[in-house]
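With CSV, N, CA and C atoms and all ligand atoms inside, this is structure-v5.csv:
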```
chain,number,residue,atom,x,y,z
A,63,MET,N,16.0,-3.7,-3.1
A,63,MET,CA,14.9,-3.8,-2.2
A,63,MET,C,15.3,-4.7,-1.0
A,64,LYS,N,14.8,-4.4,0.1
A,64,LYS,CA,15.2,-5.1,1.3
A,64,LYS,C,14.4,-6.3,1.7
A,65,LYS,N,13.0,-6.1,1.7
A,65,LYS,CA,12.1,-7.2,2.0
A,65,LYS,C,10.7,-6.8,1.7
A,66,ILE,N,9.8,-7.7,1.8
A,66,ILE,CA,8.4,-7.3,1.7
A,66,ILE,C,8.0,-6.6,3.0
A,67,GLU,N,7.5,-5.4,2.8
A,67,GLU,CA,7.1,-4.6,4.0
A,67,GLU,C,5.7,-4.9,4.5
A,68,HIS,N,4.8,-5.0,3.5
A,68,HIS,CA,3.4,-5.4,3.8
A,68,HIS,C,2.7,-5.9,2.5
A,69,ILE,N,1.6,-6.5,2.7
A,69,ILE,CA,0.7,-6.8,1.6
A,69,ILE,C,-0.6,-6.0,1.8
A,70,GLY,N,-1.0,-5.4,0.8
A,70,GLY,CA,-2.2,-4.5,0.9
A,70,GLY,C,-3.4,-5.2,0.3
A,71,ILE,N,-4.5,-5.2,1.1
A,71,ILE,CA,-5.8,-5.8,0.7
A,71,ILE,C,-6.8,-4.7,0.6
A,72,ALA,N,-7.5,-4.6,-0.6
A,72,ALA,CA,-8.5,-3.6,-0.8
A,72,ALA,C,-9.8,-4.1,-0.2
A,73,VAL,N,-10.5,-3.3,0.6
A,73,VAL,CA,-11.8,-3.7,1.2
A,73,VAL,C,-12.8,-2.6,1.1
A,74,SER,N,-14.0,-2.9,1.0
A,74,SER,CA,-15.0,-1.9,0.8
A,74,SER,C,-15.6,-1.4,2.2
A,75,ASP,N,-15.7,-2.3,3.2
A,75,ASP,CA,-16.2,-1.9,4.5
A,75,ASP,C,-15.1,-2.3,5.5
A,76,ILE,N,-14.3,-1.3,5.9
A,76,ILE,CA,-13.1,-1.6,6.7
A,76,ILE,C,-13.5,-2.1,8.1
A,77,GLU,N,-14.6,-1.7,8.7
A,77,GLU,CA,-15.1,-2.1,10.0
A,77,GLU,C,-15.3,-3.6,9.9
A,78,LYS,N,-16.1,-4.0,8.9
A,78,LYS,CA,-16.4,-5.4,8.7
A,78,LYS,C,-15.1,-6.3,8.5
A,79,SER,N,-14.2,-5.7,7.7
A,79,SER,CA,-13.0,-6.5,7.4
A,79,SER,C,-12.1,-6.6,8.6
A,80,ASN,N,-12.1,-5.5,9.4
A,80,ASN,CA,-11.3,-5.6,10.6
A,80,ASN,C,-11.7,-6.7,11.5
A,81,LEU,N,-13.0,-6.9,11.6
A,81,LEU,CA,-13.5,-8.1,12.4
A,81,LEU,C,-13.1,-9.4,11.8
A,82,ILE,N,-13.3,-9.5,10.5
A,82,ILE,CA,-12.9,-10.8,9.8
A,82,ILE,C,-11.5,-11.1,10.0
A,83,PHE,N,-10.6,-10.1,9.8
A,83,PHE,CA,-9.1,-10.4,9.9
A,83,PHE,C,-8.7,-10.5,11.3
A,84,SER,N,-9.4,-9.9,12.3
A,84,SER,CA,-9.0,-10.1,13.7
A,84,SER,C,-9.3,-11.5,14.1
A,85,LYS,N,-10.4,-12.1,13.6
A,85,LYS,CA,-10.6,-13.5,13.8
A,85,LYS,C,-9.6,-14.4,13.2
A,86,ILE,N,-9.2,-14.1,12.0
A,86,ILE,CA,-8.3,-15.0,11.2
A,86,ILE,C,-6.9,-14.9,11.9
A,87,PHE,N,-6.4,-13.7,12.2
A,87,PHE,CA,-5.1,-13.5,12.8
A,87,PHE,C,-5.0,-13.7,14.3
A,88,GLY,N,-6.2,-13.8,14.9
A,88,GLY,CA,-6.2,-14.0,16.4
A,88,GLY,C,-5.7,-12.7,17.1
A,89,GLY,N,-6.0,-11.6,16.6
A,89,GLY,CA,-5.6,-10.3,17.3
A,89,GLY,C,-6.1,-9.1,16.5
A,90,ASN,N,-6.2,-8.0,17.2
A,90,ASN,CA,-6.8,-6.8,16.5
A,90,ASN,C,-5.7,-6.1,15.7
A,91,CYS,N,-6.1,-5.1,14.9
A,91,CYS,CA,-5.1,-4.3,14.2
A,91,CYS,C,-4.4,-3.4,15.2
A,92,TYR,N,-3.2,-3.1,14.9
A,92,TYR,CA,-2.4,-2.3,15.9
A,92,TYR,C,-2.5,-0.8,15.6
A,93,LYS,N,-3.1,-0.5,14.4
A,93,LYS,CA,-3.1,0.9,14.0
A,93,LYS,C,-4.2,1.1,12.9
A,94,SER,N,-5.0,2.2,13.0
A,94,SER,CA,-5.9,2.6,12.0
A,94,SER,C,-5.4,4.0,11.6
A,95,GLU,N,-5.4,4.3,10.3
A,95,GLU,CA,-4.9,5.6,9.9
A,95,GLU,C,-5.5,6.1,8.7
A,96,VAL,N,-6.0,7.4,8.7
A,96,VAL,CA,-6.5,8.0,7.4
A,96,VAL,C,-5.3,8.7,6.7
A,97,VAL,N,-5.2,8.5,5.4
A,97,VAL,CA,-4.2,9.2,4.6
A,97,VAL,C,-5.1,10.2,3.7
A,98,GLU,N,-5.2,11.4,4.2
A,98,GLU,CA,-6.1,12.4,3.5
A,98,GLU,C,-5.7,12.5,2.1
A,99,SER,N,-4.4,12.7,1.8
A,99,SER,CA,-4.0,13.0,0.4
A,99,SER,C,-4.4,11.9,-0.5
A,100,GLU,N,-4.5,10.6,0.0
A,100,GLU,CA,-4.9,9.5,-0.9
A,100,GLU,C,-6.3,9.1,-0.8
A,101,GLY,N,-7.0,9.8,0.1
A,101,GLY,CA,-8.5,9.4,0.3
A,101,GLY,C,-8.7,8.0,0.8
A,102,VAL,N,-7.8,7.5,1.7
A,102,VAL,CA,-7.9,6.2,2.1
A,102,VAL,C,-7.9,6.1,3.7
A,103,LEU,N,-8.6,5.0,4.1
A,103,LEU,CA,-8.5,4.6,5.5
A,103,LEU,C,-7.8,3.3,5.6
A,104,THR,N,-6.8,3.2,6.4
A,104,THR,CA,-6.0,1.9,6.4
A,104,THR,C,-6.1,1.3,7.8
A,105,SER,N,-5.9,0.0,7.9
A,105,SER,CA,-5.6,-0.6,9.2
A,105,SER,C,-4.5,-1.6,9.0
A,106,PHE,N,-3.7,-1.7,10.1
A,106,PHE,CA,-2.5,-2.6,10.0
A,106,PHE,C,-2.5,-3.7,11.0
A,107,PHE,N,-2.2,-4.9,10.5
A,107,PHE,CA,-2.2,-6.1,11.4
A,107,PHE,C,-0.7,-6.6,11.4
A,108,GLN,N,-0.2,-7.0,12.5
A,108,GLN,CA,1.1,-7.6,12.6
A,108,GLN,C,1.0,-9.1,12.8
A,109,ILE,N,1.6,-9.9,11.9
A,109,ILE,CA,1.6,-11.3,12.1
A,109,ILE,C,3.0,-11.7,12.1
A,110,GLY,N,3.6,-12.0,13.3
A,110,GLY,CA,5.0,-12.3,13.4
A,110,GLY,C,5.8,-11.1,12.8
A,111,GLU,N,6.7,-11.4,11.9
A,111,GLU,CA,7.5,-10.3,11.3
A,111,GLU,C,6.8,-9.6,10.1
A,112,ASN,N,5.6,-10.1,9.8
A,112,ASN,CA,4.9,-9.6,8.6
A,112,ASN,C,3.7,-8.7,8.9
A,113,LYS,N,3.4,-7.8,8.0
A,113,LYS,CA,2.3,-6.9,8.1
A,113,LYS,C,1.3,-7.0,7.0
A,114,ILE,N,0.0,-6.9,7.3
A,114,ILE,CA,-1.0,-6.8,6.4
A,114,ILE,C,-1.7,-5.5,6.5
A,115,GLU,N,-1.9,-4.8,5.4
A,115,GLU,CA,-2.6,-3.5,5.4
A,115,GLU,C,-4.0,-3.6,4.8
A,116,LEU,N,-5.0,-3.3,5.5
A,116,LEU,CA,-6.4,-3.2,4.8
A,116,LEU,C,-6.5,-1.8,4.3
A,117,VAL,N,-7.0,-1.6,3.1
A,117,VAL,CA,-7.2,-0.2,2.6
A,117,VAL,C,-8.6,-0.1,2.1
A,118,SER,N,-9.3,1.0,2.5
A,118,SER,CA,-10.6,1.3,2.0
A,118,SER,C,-10.6,2.8,1.6
A,119,SER,N,-11.6,3.2,0.8
A,119,SER,CA,-11.6,4.6,0.4
A,119,SER,C,-12.5,5.5,1.3
A,120,THR,N,-12.1,6.7,1.4
A,120,THR,CA,-12.9,7.7,2.2
A,120,THR,C,-13.6,8.6,1.2
A,121,ASN,N,-13.3,8.6,-0.1
A,121,ASN,CA,-14.1,9.4,-1.0
A,121,ASN,C,-14.0,8.8,-2.4
A,122,ASP,N,-14.9,9.2,-3.3
A,122,ASP,CA,-15.0,8.5,-4.6
A,122,ASP,C,-14.0,9.0,-5.6
A,123,ARG,N,-13.0,9.8,-5.2
A,123,ARG,CA,-11.9,10.2,-6.1
A,123,ARG,C,-10.7,9.3,-5.8
A,124,SER,N,-10.8,8.6,-4.7
A,124,SER,CA,-9.6,7.8,-4.3
A,124,SER,C,-9.3,6.6,-5.3
A,125,ALA,N,-8.1,6.3,-5.5
A,125,ALA,CA,-7.7,5.2,-6.4
A,125,ALA,C,-8.4,3.9,-5.9
A,126,ILE,N,-8.5,3.7,-4.6
A,126,ILE,CA,-9.1,2.4,-4.1
A,126,ILE,C,-10.6,2.4,-4.5
A,127,HIS,N,-11.3,3.5,-4.4
A,127,HIS,CA,-12.7,3.5,-4.8
A,127,HIS,C,-12.8,3.1,-6.3
A,128,LYS,N,-12.0,3.7,-7.1
A,128,LYS,CA,-12.0,3.3,-8.6
A,128,LYS,C,-11.6,1.9,-8.8
A,129,TYR,N,-10.7,1.4,-8.0
A,129,TYR,CA,-10.2,0.0,-8.1
A,129,TYR,C,-11.4,-0.9,-7.8
A,130,LEU,N,-12.1,-0.6,-6.7
A,130,LEU,CA,-13.2,-1.5,-6.3
A,130,LEU,C,-14.5,-1.4,-7.2
A,131,GLN,N,-14.5,-0.4,-8.0
A,131,GLN,CA,-15.6,-0.4,-9.0
A,131,GLN,C,-15.4,-1.4,-10.1
A,132,LYS,N,-14.1,-1.6,-10.4
A,132,LYS,CA,-13.7,-2.5,-11.5
A,132,LYS,C,-13.3,-3.9,-11.0
A,133,ASN,N,-12.9,-4.1,-9.7
A,133,ASN,CA,-12.4,-5.3,-9.2
A,133,ASN,C,-13.1,-5.7,-7.9
A,134,LYS,N,-13.0,-7.0,-7.6
A,134,LYS,CA,-13.5,-7.4,-6.3
A,134,LYS,C,-12.5,-7.1,-5.2
A,135,GLU,N,-13.0,-7.2,-4.0
A,135,GLU,CA,-12.1,-7.0,-2.8
A,135,GLU,C,-11.0,-8.1,-2.9
A,136,GLY,N,-9.9,-7.8,-2.3
A,136,GLY,CA,-8.8,-8.9,-2.3
A,136,GLY,C,-7.5,-8.3,-2.3
A,137,ILE,N,-6.5,-9.1,-2.6
A,137,ILE,CA,-5.1,-8.6,-2.6
A,137,ILE,C,-4.9,-7.5,-3.6
A,138,HIS,N,-4.4,-6.4,-3.2
A,138,HIS,CA,-4.3,-5.2,-4.1
A,138,HIS,C,-2.9,-4.8,-4.4
A,139,HIS,N,-2.0,-4.9,-3.5
A,139,HIS,CA,-0.6,-4.5,-3.8
A,139,HIS,C,0.4,-5.3,-2.8
A,140,ILE,N,1.6,-5.3,-3.3
A,140,ILE,CA,2.7,-5.8,-2.4
A,140,ILE,C,3.7,-4.6,-2.2
A,141,ALA,N,4.0,-4.4,-1.0
A,141,ALA,CA,4.9,-3.2,-0.7
A,141,ALA,C,6.3,-3.8,-0.3
A,142,PHE,N,7.3,-3.1,-0.8
A,142,PHE,CA,8.7,-3.5,-0.5
A,142,PHE,C,9.4,-2.4,0.2
A,143,ALA,N,10.1,-2.8,1.3
A,143,ALA,CA,10.9,-1.8,2.0
A,143,ALA,C,12.2,-1.5,1.2
A,144,VAL,N,12.5,-0.2,1.1
A,144,VAL,CA,13.7,0.2,0.5
A,144,VAL,C,14.5,1.2,1.4
A,145,GLU,N,15.8,1.2,1.3
A,145,GLU,CA,16.6,2.0,2.2
A,145,GLU,C,16.5,3.5,1.7
A,146,ASP,N,16.6,3.7,0.4
A,146,ASP,CA,16.6,5.1,-0.1
A,146,ASP,C,15.6,5.1,-1.3
A,147,ILE,N,14.4,5.6,-1.1
A,147,ILE,CA,13.4,5.6,-2.1
A,147,ILE,C,13.8,6.4,-3.4
A,148,PHE,N,14.5,7.5,-3.2
A,148,PHE,CA,14.9,8.3,-4.3
A,148,PHE,C,15.8,7.5,-5.3
A,149,SER,N,16.8,6.8,-4.7
A,149,SER,CA,17.7,6.1,-5.6
A,149,SER,C,17.0,4.9,-6.2
A,150,GLU,N,16.1,4.3,-5.5
A,150,GLU,CA,15.4,3.1,-6.0
A,150,GLU,C,14.5,3.5,-7.2
A,151,MET,N,13.8,4.7,-7.0
A,151,MET,CA,13.0,5.2,-8.1
A,151,MET,C,13.8,5.5,-9.3
A,152,GLY,N,15.0,6.1,-9.1
A,152,GLY,CA,15.9,6.4,-10.2
A,152,GLY,C,16.3,5.2,-10.9
A,153,ARG,N,16.7,4.1,-10.1
A,153,ARG,CA,17.1,2.9,-10.7
A,153,ARG,C,16.0,2.2,-11.6
A,154,LEU,N,14.8,2.2,-11.0
A,154,LEU,CA,13.7,1.6,-11.8
A,154,LEU,C,13.4,2.4,-13.0
A,155,LYS,N,13.4,3.7,-12.9
A,155,LYS,CA,13.2,4.5,-14.1
A,155,LYS,C,14.2,4.2,-15.2
A,156,LYS,N,15.4,4.0,-14.9
A,156,LYS,CA,16.5,3.7,-15.8
A,156,LYS,C,16.2,2.3,-16.5
A,157,GLU,N,15.5,1.4,-15.7
A,157,GLU,CA,15.1,0.1,-16.2
A,157,GLU,C,13.9,0.2,-17.1
A,158,GLY,N,13.3,1.4,-17.2
A,158,GLY,CA,12.2,1.5,-18.1
A,158,GLY,C,10.8,1.2,-17.4
A,159,ILE,N,10.9,1.2,-16.1
A,159,ILE,CA,9.6,1.0,-15.3
A,159,ILE,C,9.0,2.3,-15.0
A,160,ARG,N,7.8,2.5,-15.4
A,160,ARG,CA,7.1,3.8,-15.1
A,160,ARG,C,6.6,3.8,-13.6
A,161,LEU,N,6.7,5.0,-13.1
A,161,LEU,CA,6.3,5.2,-11.7
A,161,LEU,C,4.9,6.0,-11.7
A,162,LEU,N,4.1,5.7,-10.8
A,162,LEU,CA,2.8,6.4,-10.8
A,162,LEU,C,2.8,7.8,-10.2
A,163,ASN,N,3.9,8.0,-9.5
A,163,ASN,CA,4.2,9.4,-9.0
A,163,ASN,C,5.6,9.7,-9.2
A,164,GLU,N,5.9,11.0,-9.6
A,164,GLU,CA,7.3,11.4,-9.9
A,164,GLU,C,8.1,11.6,-8.6
A,165,ASN,N,7.4,12.0,-7.5
A,165,ASN,CA,8.1,12.2,-6.3
A,165,ASN,C,7.4,11.3,-5.2
A,166,PRO,N,8.2,10.9,-4.2
A,166,PRO,CA,7.6,10.0,-3.2
A,166,PRO,C,6.4,10.8,-2.5
A,167,LYS,N,5.4,10.0,-2.1
A,167,LYS,CA,4.3,10.6,-1.3
A,167,LYS,C,4.4,10.2,0.1
A,168,ARG,N,3.7,10.9,1.0
A,168,ARG,CA,3.6,10.5,2.4
A,168,ARG,C,2.5,9.5,2.5
A,169,GLY,N,2.8,8.2,2.8
A,169,GLY,CA,1.8,7.2,3.0
A,169,GLY,C,1.5,6.9,4.4
A,170,ALA,N,0.8,5.9,4.7
A,170,ALA,CA,0.4,5.5,6.1
A,170,ALA,C,1.7,4.9,6.8
A,171,ASP,N,1.6,4.8,8.1
A,171,ASP,CA,2.6,4.2,8.9
A,171,ASP,C,4.0,4.8,8.8
A,172,ASN,N,4.0,6.1,8.7
A,172,ASN,CA,5.3,6.8,8.7
A,172,ASN,C,6.2,6.4,7.6
A,173,LYS,N,5.7,6.4,6.3
A,173,LYS,CA,6.5,5.9,5.2
A,173,LYS,C,6.4,6.9,4.0
A,174,LEU,N,7.5,7.0,3.3
A,174,LEU,CA,7.5,7.7,2.0
A,174,LEU,C,7.2,6.5,1.0
A,175,ILE,N,6.3,6.8,0.1
A,175,ILE,CA,5.9,5.7,-0.8
A,175,ILE,C,5.8,6.1,-2.3
A,176,CYS,N,5.9,5.1,-3.1
A,176,CYS,CA,5.8,5.3,-4.6
A,176,CYS,C,5.3,4.0,-5.2
A,177,PHE,N,4.3,4.1,-6.0
A,177,PHE,CA,3.7,2.9,-6.7
A,177,PHE,C,4.3,2.8,-8.1
A,178,LEU,N,4.6,1.6,-8.6
A,178,LEU,CA,5.1,1.4,-9.9
A,178,LEU,C,3.9,1.1,-10.8
A,179,HIS,N,4.0,1.5,-12.1
A,179,HIS,CA,2.9,1.3,-13.1
A,179,HIS,C,2.7,-0.2,-13.3
A,180,PRO,N,1.4,-0.7,-13.0
A,180,PRO,CA,1.2,-2.2,-13.1
A,180,PRO,C,1.4,-2.7,-14.6
A,181,LYS,N,1.4,-1.8,-15.6
A,181,LYS,CA,1.6,-2.3,-16.9
A,181,LYS,C,3.1,-2.7,-17.1
A,182,ASP,N,3.9,-2.2,-16.3
A,182,ASP,CA,5.4,-2.5,-16.4
A,182,ASP,C,5.8,-3.5,-15.4
A,183,THR,N,4.9,-4.1,-14.6
A,183,THR,CA,5.2,-5.0,-13.5
A,183,THR,C,4.5,-6.3,-13.6
A,184,ASN,N,4.1,-6.7,-14.8
A,184,ASN,CA,3.4,-8.0,-15.0
A,184,ASN,C,2.1,-8.0,-14.3
A,185,GLY,N,1.5,-6.8,-14.2
A,185,GLY,CA,0.1,-6.7,-13.6
A,185,GLY,C,0.1,-6.7,-12.1
A,186,VAL,N,1.3,-6.7,-11.4
A,186,VAL,CA,1.3,-6.7,-10.0
A,186,VAL,C,1.5,-5.3,-9.5
A,187,LEU,N,0.6,-4.8,-8.7
A,187,LEU,CA,0.8,-3.4,-8.2
A,187,LEU,C,1.9,-3.4,-7.1
A,188,ILE,N,3.0,-2.7,-7.3
A,188,ILE,CA,4.1,-2.7,-6.4
A,188,ILE,C,4.3,-1.4,-5.8
A,189,GLU,N,4.4,-1.3,-4.5
A,189,GLU,CA,4.6,-0.1,-3.7
A,189,GLU,C,6.1,-0.2,-3.1
A,190,LEU,N,6.8,0.9,-3.3
A,190,LEU,CA,8.0,1.0,-2.6
A,190,LEU,C,7.8,1.8,-1.3
A,191,CYS,N,8.4,1.5,-0.2
A,191,CYS,CA,8.2,2.3,1.0
A,191,CYS,C,9.5,2.4,1.8
A,192,GLN,N,9.7,3.6,2.2
A,192,GLN,CA,10.9,3.9,3.0
A,192,GLN,C,10.5,4.6,4.3
A,193,GLU,N,10.9,4.0,5.4
A,193,GLU,CA,10.6,4.6,6.7
A,193,GLU,C,11.1,6.0,6.8
A,194,ILE,N,10.2,6.9,7.3
A,194,ILE,CA,10.6,8.3,7.5
A,194,ILE,C,11.4,8.4,8.8
A,195,LYS,N,12.7,8.8,8.7
A,195,LYS,CA,13.5,8.8,10.0
A,195,LYS,C,13.3,10.1,10.7
A,201,CO,CO,0.5,-0.2,1.2
```
If you took the structure in this file and wrote it as structure tokens, what would it be?
Ligand code: CO
Amino acid sequence: MKKIEHIGIAVSDIEKSNLIFSKIFGGNCYKSEVVESEGVLTSFFQIGENKIELVSSTNDRSAIHKYLQKNKEGIHHIAFAVEDIFSEMGRLKKEGIRLLNENPKRGADNKLICFLHPKDTNGVLIELCQEIK
């Protein structure tokens, strides 16, 4: 893994949260994007070299909707940039870490993504992401 790519925060009202985080970071999000396949609406903030992703649900089948029924809003996942998501997924599988999807999915911000099973990661939801070239 190369570095932390972003930290994901689950929010229920993204308009409201965009305002809160704009005040905190001293600037607006640089991108808002719907990921239809995941049923999520995201917005991205750049803070120096780091990124924060706000994630909300667009329908009640989305994983974020289910998450927010059981948990409060707040830090949801840590995403790590990888050079080759296929080889990283293979390496982790060999280590006995379950993946939430067998093949990489298309995520927000021009990335191929894969989530690791939180039961195999000490309860931390980890996302791998590889830039789509
Ligand atoms: Co993410």
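The coordinates place atom C of Lys78 of chain A at 19.5 Å from atom C of Lys128 of chain A.
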Could I get the residues of chain A with an atom no further than 6 Å from an atom of ligand CO 201 (chain A), each paired with its nearest atom pair and that distance in Å to one decimal, using only N, CA and C atoms and all ligand atoms, sorted by chain and residue number, as CSV?
```
residue,atom,partner,partner_atom,distance
A:Ile69,C,A:CO201,CO,5.9
A:Gly70,CA,A:CO201,CO,5.1
A:Ala141,CA,A:CO201,CO,5.7
```
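Nearest to His68 of chain A of all the residues A:Ile140, A:Ala125, A:Ile109, A:Leu130 is A:Ile140, based on all atoms listed in the file.
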Chain A: residues DSSP assigns to alpha helix (DSSP H), reported as a ChimeraX atom specification: /A:76-87,125-132,147-156
Within 12 Å of Leu190 of chain A using only C-alpha atoms, minus same-chain residues under 5 positions, as JSON, numbers by chain: {"A": [63, 64, 65, 66, 67, 68, 69, 139, 140, 141, 142, 143, 144, 145, 146, 147, 148, 149, 150, 151, 154, 161, 162, 163, 165, 166, 167, 168, 169, 173, 174, 175, 176, 177, 178, 179]}
Shell around Asn121 of chain A at 8 Å using only N, CA and C atoms, local window under 5 positions removed, as a PyMOL selection string: chain A and resi 100-103+126-128
Go ahead and dump the residues you just picked, N, CA and C atoms, as a PDB file, in the coordinates of the input.
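Contents of out-v1.pdb, as written:
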```
ATOM      1  N   GLU A 100      -4.500  10.600   0.000  1.00  0.00           N
ATOM      2  CA  GLU A 100      -4.900   9.500  -0.900  1.00  0.00           C
ATOM      3  C   GLU A 100      -6.300   9.100  -0.800  1.00  0.00           C
ATOM      4  N   GLY A 101      -7.000   9.800   0.100  1.00  0.00           N
ATOM      5  CA  GLY A 101      -8.500   9.400   0.300  1.00  0.00           C
ATOM      6  C   GLY A 101      -8.700   8.000   0.800  1.00  0.00           C
ATOM      7  N   VAL A 102      -7.800   7.500   1.700  1.00  0.00           N
ATOM      8  CA  VAL A 102      -7.900   6.200   2.100  1.00  0.00           C
ATOM      9  C   VAL A 102      -7.900   6.100   3.700  1.00  0.00           C
ATOM     10  N   LEU A 103      -8.600   5.000   4.100  1.00  0.00           N
ATOM     11  CA  LEU A 103      -8.500   4.600   5.500  1.00  0.00           C
ATOM     12  C   LEU A 103      -7.800   3.300   5.600  1.00  0.00           C
ATOM     13  N   ILE A 126      -8.500   3.700  -4.600  1.00  0.00           N
ATOM     14  CA  ILE A 126      -9.100   2.400  -4.100  1.00  0.00           C
ATOM     15  C   ILE A 126     -10.600   2.400  -4.500  1.00  0.00           C
ATOM     16  N   HIS A 127     -11.300   3.500  -4.400  1.00  0.00           N
ATOM     17  CA  HIS A 127     -12.700   3.500  -4.800  1.00  0.00           C
ATOM     18  C   HIS A 127     -12.800   3.100  -6.300  1.00  0.00           C
ATOM     19  N   LYS A 128     -12.000   3.700  -7.100  1.00  0.00           N
ATOM     20  CA  LYS A 128     -12.000   3.300  -8.600  1.00  0.00           C
ATOM     21  C   LYS A 128     -11.600   1.900  -8.800  1.00  0.00           C
TER      22      LYS A 128
END
```
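Considering only C-alpha atoms, the residue among A:Thr183, A:Ser79, A:Ser105, A:Ser74 positioned nearest to Asp122 of chain A is A:Ser74.
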Spatial neighbours of Ile82 of chain A, max dist 12 Å, only C-alpha atoms, sep filter under 6 positions, as a ChimeraX atom specification: /A:73,75-76,88-91,107,116
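Distance annotation: of A:Lys195, A:Arg160, A:Lys93, A:Lys113, the residue with the minimal separation from Pro180 of chain A is A:Arg160; atom set is all atoms listed in the file.
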Expected answer as a PyMOL selection string: strand (DSSP E or B) residues in chain A: chain A and resi 65-72+93-97+102-109+112-119+136-143+161+167-169+173-178+188-193
Gap from atom C of Leu81 of chain A to atom C of Glu98 of chain A - Å, one decimal: 25.1 Å
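Atom to atom, atom CA of Glu95 of chain A and atom CA of Ser119 of chain A stand 11.7 Å apart.
Nearest-residue note for Gln108 of chain A: choosing from A:Ser124, A:Phe87, A:Lys134, A:Asp182, the minimum distance belongs to A:Phe87, counting only N, CA and C atoms.
Here the question is which of A:Ile71, A:Glu135, A:Tyr129, A:Lys85 gets nearest to Thr104 of chain A using only C-alpha atoms, and that residue is A:Ile71.
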